[in-house]
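A.B. asks: Mind looking over this structure? Questions follow.
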Amino acid sequence: MSMVWLCPLTVDEYASMGRAVKVPRPECPSCLVPVVFWSGYWRHVRRQERERKIFIPRVRCRGCGVTHALLPAFVLARRLDAAEPVGAVIGQVAGGACGVRRAAAAAGVPYTTARSWVRRFTARAGELAVSFSALAVELGGEAVRPLPDRLRWAVAAIGAAFTAAAGLPGWAVLGRWRFACAVTGGSLIAANASSPFLIIGRRRFMPPRSS
């Protein structure tokens, strides 16, 4: 299982620190008791056409024994590319600024890779739009009215939820796409989103389902 922490570091800063990155010790999302650090692993992240090798610590719950990977907020589960270029491509396509091919070129990623991001996000757009719009209201913001284009609606809802969350400690510095990655546990465009929860700090919020 994966947990995402609110990492304000750039990819380069994180990579240069190796295993010396100071990662906060979270609570187990199931047991709500402090976890202990339990080794970790190395993986790659791509940003601006370069791959960096980063260390991902793991933690283990003393209560239930489940282990979790602690992903920095720029890492999407089972994706090589960082959250910001993924979000930039999706946002440009959703906003009508350009097509996938031009957005991919601007992000410095293969067209087929960018196309897979947009397709996966589009497949989940209805669910994401409803979820993030409800989360915005839960955090004291305004709901985003449904739009005919679900892709555009989902992006707008993420923006509204981020605006509402920006008043909470540690969230504003992330930007909307790290925010979206963090609250979905890294599963924003995962093929299989294992949890229906959105997580804000110690709050686990189950959003309504799209129809």
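Naming scheme: A, B, ... for chains in displayed order of the structure tokens; residues 1 onward per chain; ligands 1 onward as shown.
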Identify, with DSSP run on backbone atoms, the residues in stretch 7-125 of chain A assigned to helix (DSSP H, G or I), and express the list as JSON, numbers by chain.
C.D. replies: {"A": [11, 12, 13, 14, 15, 16, 17, 18, 19, 20, 83, 84, 85, 86, 87, 88, 89, 90, 91, 92, 93, 94, 100, 101, 102, 103, 104, 105, 106, 107, 111, 112, 113, 114, 115, 116, 117, 118, 119, 120, 121, 122, 123, 125]}
A.B. asks: I want to know what sits within 9 Å of A:Ala134, based on only C-alpha atoms, with residues of the same chain fewer than 3 positions away left out; could you give that as a PyMOL selection string?
C.D. replies: chain A and resi 129-131+137-139+142-144+157+161+207-208
A.B. asks: Which residues, written as a VMD selection string, have at least one atom at most 10 Å from A:Val11, with only C-alpha atoms counted and residues fewer than 4 positions away on the same chain left out?
C.D. replies: chain A and resid 7 15 to 16 45 to 47 51 to 54 72 74 to 75 82
A.B. asks: Find the spatial neighbours of stretch 178-193 of chain A, counting only C-alpha atoms, within a cut-off of 8 Å - ignore same-chain residues fewer than 4 positions away - and output them as number ranges by chain.
C.D. replies: A: 2-6, 71, 73-78, 83-84, 117, 120-121, 124, 158, 162, 171, 174, 197-200
A.B. asks: For the residues in the current selection, export N, CA, C and O atoms as a CSV table (one decimal), in the first residue's frame.
C.D. replies:
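The result, stored in out-v6.csv:
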chain,number,residue,atom,x,y,z
A,2,SER,N,0.3,2.4,-0.5
A,2,SER,CA,1.1,3.6,-0.6
A,2,SER,C,0.4,4.7,0.2
A,2,SER,O,-0.8,4.8,0.3
A,3,MET,N,1.2,5.6,0.8
A,3,MET,CA,0.7,6.8,1.5
A,3,MET,C,1.6,7.9,0.9
A,3,MET,O,2.7,7.7,0.5
A,4,VAL,N,0.9,9.1,0.7
A,4,VAL,CA,1.6,10.2,0.1
A,4,VAL,C,1.8,11.3,1.2
A,4,VAL,O,0.9,11.7,1.9
A,5,TRP,N,3.0,11.8,1.3
A,5,TRP,CA,3.3,12.9,2.3
A,5,TRP,C,3.5,14.2,1.6
A,5,TRP,O,3.8,14.2,0.4
A,6,LEU,N,3.3,15.3,2.3
A,6,LEU,CA,3.2,16.6,1.7
A,6,LEU,C,4.7,17.2,1.5
A,6,LEU,O,5.1,18.0,2.2
A,71,LEU,N,5.3,7.9,-0.4
A,71,LEU,CA,5.6,8.6,-1.6
A,71,LEU,C,5.6,10.1,-1.4
A,71,LEU,O,4.6,10.6,-0.8
A,73,ALA,N,4.8,13.9,-2.6
A,73,ALA,CA,3.6,14.3,-3.3
A,73,ALA,C,3.8,14.4,-4.8
A,73,ALA,O,2.8,14.5,-5.5
A,74,PHE,N,5.0,14.5,-5.3
A,74,PHE,CA,5.2,14.6,-6.7
A,74,PHE,C,5.2,13.2,-7.4
A,74,PHE,O,5.3,13.1,-8.7
A,75,VAL,N,5.1,12.1,-6.7
A,75,VAL,CA,5.1,10.8,-7.3
A,75,VAL,C,3.7,10.2,-7.4
A,75,VAL,O,2.9,10.2,-6.4
A,76,LEU,N,3.4,9.8,-8.6
A,76,LEU,CA,2.1,9.1,-8.8
A,76,LEU,C,2.4,7.6,-8.8
A,76,LEU,O,3.4,7.1,-9.3
A,77,ALA,N,1.5,6.8,-8.2
A,77,ALA,CA,1.7,5.4,-8.0
A,77,ALA,C,1.8,4.7,-9.4
A,77,ALA,O,0.9,5.0,-10.3
A,78,ARG,N,2.8,3.9,-9.6
A,78,ARG,CA,3.0,3.1,-10.8
A,78,ARG,C,3.1,4.0,-12.0
A,78,ARG,O,2.8,3.5,-13.1
A,83,ALA,N,4.0,14.3,-10.9
A,83,ALA,CA,2.7,14.8,-11.0
A,83,ALA,C,2.5,16.1,-11.8
A,83,ALA,O,1.5,16.2,-12.5
A,84,GLU,N,3.4,17.0,-11.7
A,84,GLU,CA,3.2,18.3,-12.4
A,84,GLU,C,3.1,18.2,-13.9
A,84,GLU,O,2.2,18.7,-14.5
A,117,TRP,N,-2.2,9.2,-20.2
A,117,TRP,CA,-2.6,10.0,-19.1
A,117,TRP,C,-4.0,10.5,-19.3
A,117,TRP,O,-4.8,10.4,-18.4
A,120,ARG,N,-6.7,7.8,-19.3
A,120,ARG,CA,-7.0,7.3,-17.9
A,120,ARG,C,-7.8,8.4,-17.1
A,120,ARG,O,-8.7,8.0,-16.4
A,121,PHE,N,-7.3,9.6,-17.2
A,121,PHE,CA,-8.0,10.7,-16.4
A,121,PHE,C,-9.4,10.8,-16.9
A,121,PHE,O,-10.4,11.0,-16.1
A,124,ARG,N,-11.9,8.3,-15.6
A,124,ARG,CA,-12.2,8.6,-14.2
A,124,ARG,C,-12.8,9.9,-14.0
A,124,ARG,O,-13.1,10.3,-12.8
A,158,ILE,N,-10.9,19.9,-9.2
A,158,ILE,CA,-9.6,19.7,-8.5
A,158,ILE,C,-9.1,21.1,-8.1
A,158,ILE,O,-8.6,21.3,-7.0
A,162,PHE,N,-8.4,22.4,-4.3
A,162,PHE,CA,-7.1,22.9,-3.9
A,162,PHE,C,-7.2,24.3,-3.3
A,162,PHE,O,-6.6,24.6,-2.2
A,171,TRP,N,-0.5,22.8,2.7
A,171,TRP,CA,-1.1,22.5,1.4
A,171,TRP,C,-0.8,23.5,0.3
A,171,TRP,O,-0.7,23.1,-0.9
A,174,LEU,N,2.1,23.1,-2.4
A,174,LEU,CA,2.1,22.0,-3.2
A,174,LEU,C,1.7,22.3,-4.7
A,174,LEU,O,2.2,21.7,-5.6
A,197,PHE,N,-11.4,6.6,-0.7
A,197,PHE,CA,-11.2,7.8,0.2
A,197,PHE,C,-10.3,8.8,-0.4
A,197,PHE,O,-9.4,8.6,-1.1
A,198,LEU,N,-10.6,10.1,0.0
A,198,LEU,CA,-9.7,11.2,-0.2
A,198,LEU,C,-9.2,11.5,1.2
A,198,LEU,O,-10.0,11.5,2.2
A,199,ILE,N,-7.9,11.8,1.4
A,199,ILE,CA,-7.4,12.0,2.7
A,199,ILE,C,-6.8,13.4,2.8
A,199,ILE,O,-5.9,13.8,2.0
A,200,ILE,N,-7.2,14.1,3.8
A,200,ILE,CA,-6.7,15.4,4.2
A,200,ILE,C,-6.2,15.4,5.6
A,200,ILE,O,-7.0,15.3,6.5
A.B. asks: Name all residues at most 10 Å from A:Ser30 (count only C-alpha atoms; drop same-chain ones fewer than 6 positions away) and give them as a PyMOL selection string.
C.D. replies: chain A and resi 61+63-64+66
A.B. asks: Mind giving me the straight-line distance from atom CA of A:Ala20 to atom CA of A:Gly87 in Å, one decimal?
C.D. replies: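 Computing it gives 27.9 Å between the two atoms.
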A.B. asks: Which is closest to A:Val86 among A:Tyr41, A:Tyr111, A:Phe132, A:Trp177, if we use only C-alpha atoms?
C.D. replies: A:Trp177
A.B. asks: Applying 12 Å and only C-alpha atoms, which residues near A:Gly91 remain after dropping the ones on its own chain fewer than 3 positions away? List them as a PyMOL selection string.
C.D. replies: chain A and resi 83-88+94-100+103-104+107+114+117-118+121-122+151-159+176-177
A.B. asks: As a ChimeraX atom specification, list the residues of chain A assigned to strand (DSSP E) by DSSP on the backbone atoms of this structure.
C.D. replies: /A:2-5,35-47,50-61,67-72,198-200,203-205
A.B. asks: Determine the nearest neighbour of A:Tyr14 from the options A:Leu32, A:His44, A:Ile90, A:Leu135, counting only C-alpha atoms.
C.D. replies: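 Going through A:Leu32, A:His44, A:Ile90, A:Leu135 one by one, the smallest distance to A:Tyr14 is for A:His44.
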A.B. asks: Quick one: distance from atom CA of A:Leu9 to atom CA of A:Ala136 in Å, one decimal?
C.D. replies: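 Atom CA of A:Ala136 lies 25.2 Å from atom CA of A:Leu9.
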A.B. asks: Out of A:Arg145, A:Gly170, A:Leu80, A:Val59, which residue has the shortest atom-to-atom distance to A:Thr113 when counting only C-alpha atoms?
C.D. replies: A:Leu80
A.B. asks: Near A:Arg58, counting only C-alpha atoms, which residues have an atom at most 8 Å away, once you skip same-chain residues fewer than 2 positions from it, shown as a compact mmCIF listing (two decimals) with N, CA and C atoms, in the first residue's frame?
C.D. replies:
# COMPACT_ATOMS: atom_id res chain seq x y z
N PHE A 37 9.56 3.09 10.83
CA PHE A 37 10.21 3.00 9.53
C PHE A 37 10.72 1.57 9.30
N TRP A 38 10.58 1.10 8.07
CA TRP A 38 10.80 -0.31 7.74
C TRP A 38 11.49 -0.41 6.39
N SER A 39 12.75 -0.01 6.33
CA SER A 39 13.54 -0.09 5.11
C SER A 39 12.98 0.83 4.02
N GLY A 40 13.04 0.40 2.76
CA GLY A 40 12.59 1.21 1.64
C GLY A 40 13.13 0.66 0.34
N TYR A 41 12.97 1.43 -0.73
CA TYR A 41 13.44 0.98 -2.04
C TYR A 41 13.74 2.20 -2.91
N ILE A 56 12.47 5.71 -1.69
CA ILE A 56 11.11 5.69 -1.12
C ILE A 56 11.15 4.89 0.18
N ARG A 60 5.97 0.43 8.74
CA ARG A 60 5.18 -0.74 9.14
C ARG A 60 4.36 -0.38 10.38
N THR A 67 2.51 -2.84 5.81
CA THR A 67 3.56 -1.91 5.43
C THR A 67 3.04 -0.94 4.36
N HIS A 68 3.60 0.26 4.36
CA HIS A 68 3.18 1.29 3.43
C HIS A 68 4.42 1.96 2.84
N ALA A 69 4.38 2.27 1.57
CA ALA A 69 5.42 3.08 0.93
C ALA A 69 5.04 4.54 1.12
N LEU A 70 6.01 5.36 1.53
CA LEU A 70 5.76 6.79 1.73
C LEU A 70 6.22 7.56 0.50
A.B. asks: Could you jot down the atom CA of A:Pro8 to atom CA of A:Arg150 separation for me, Å, one decimal place?
C.D. replies: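 Separation between atom CA of A:Pro8 and atom CA of A:Arg150: 29.8 Å.
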A.B. asks: In terms of the shortest atom-to-atom distance over only C-alpha atoms, which of A:Pro29, A:Arg102, A:Ala160, A:Ala123 is closest to A:Met1?
C.D. replies: A:Pro29
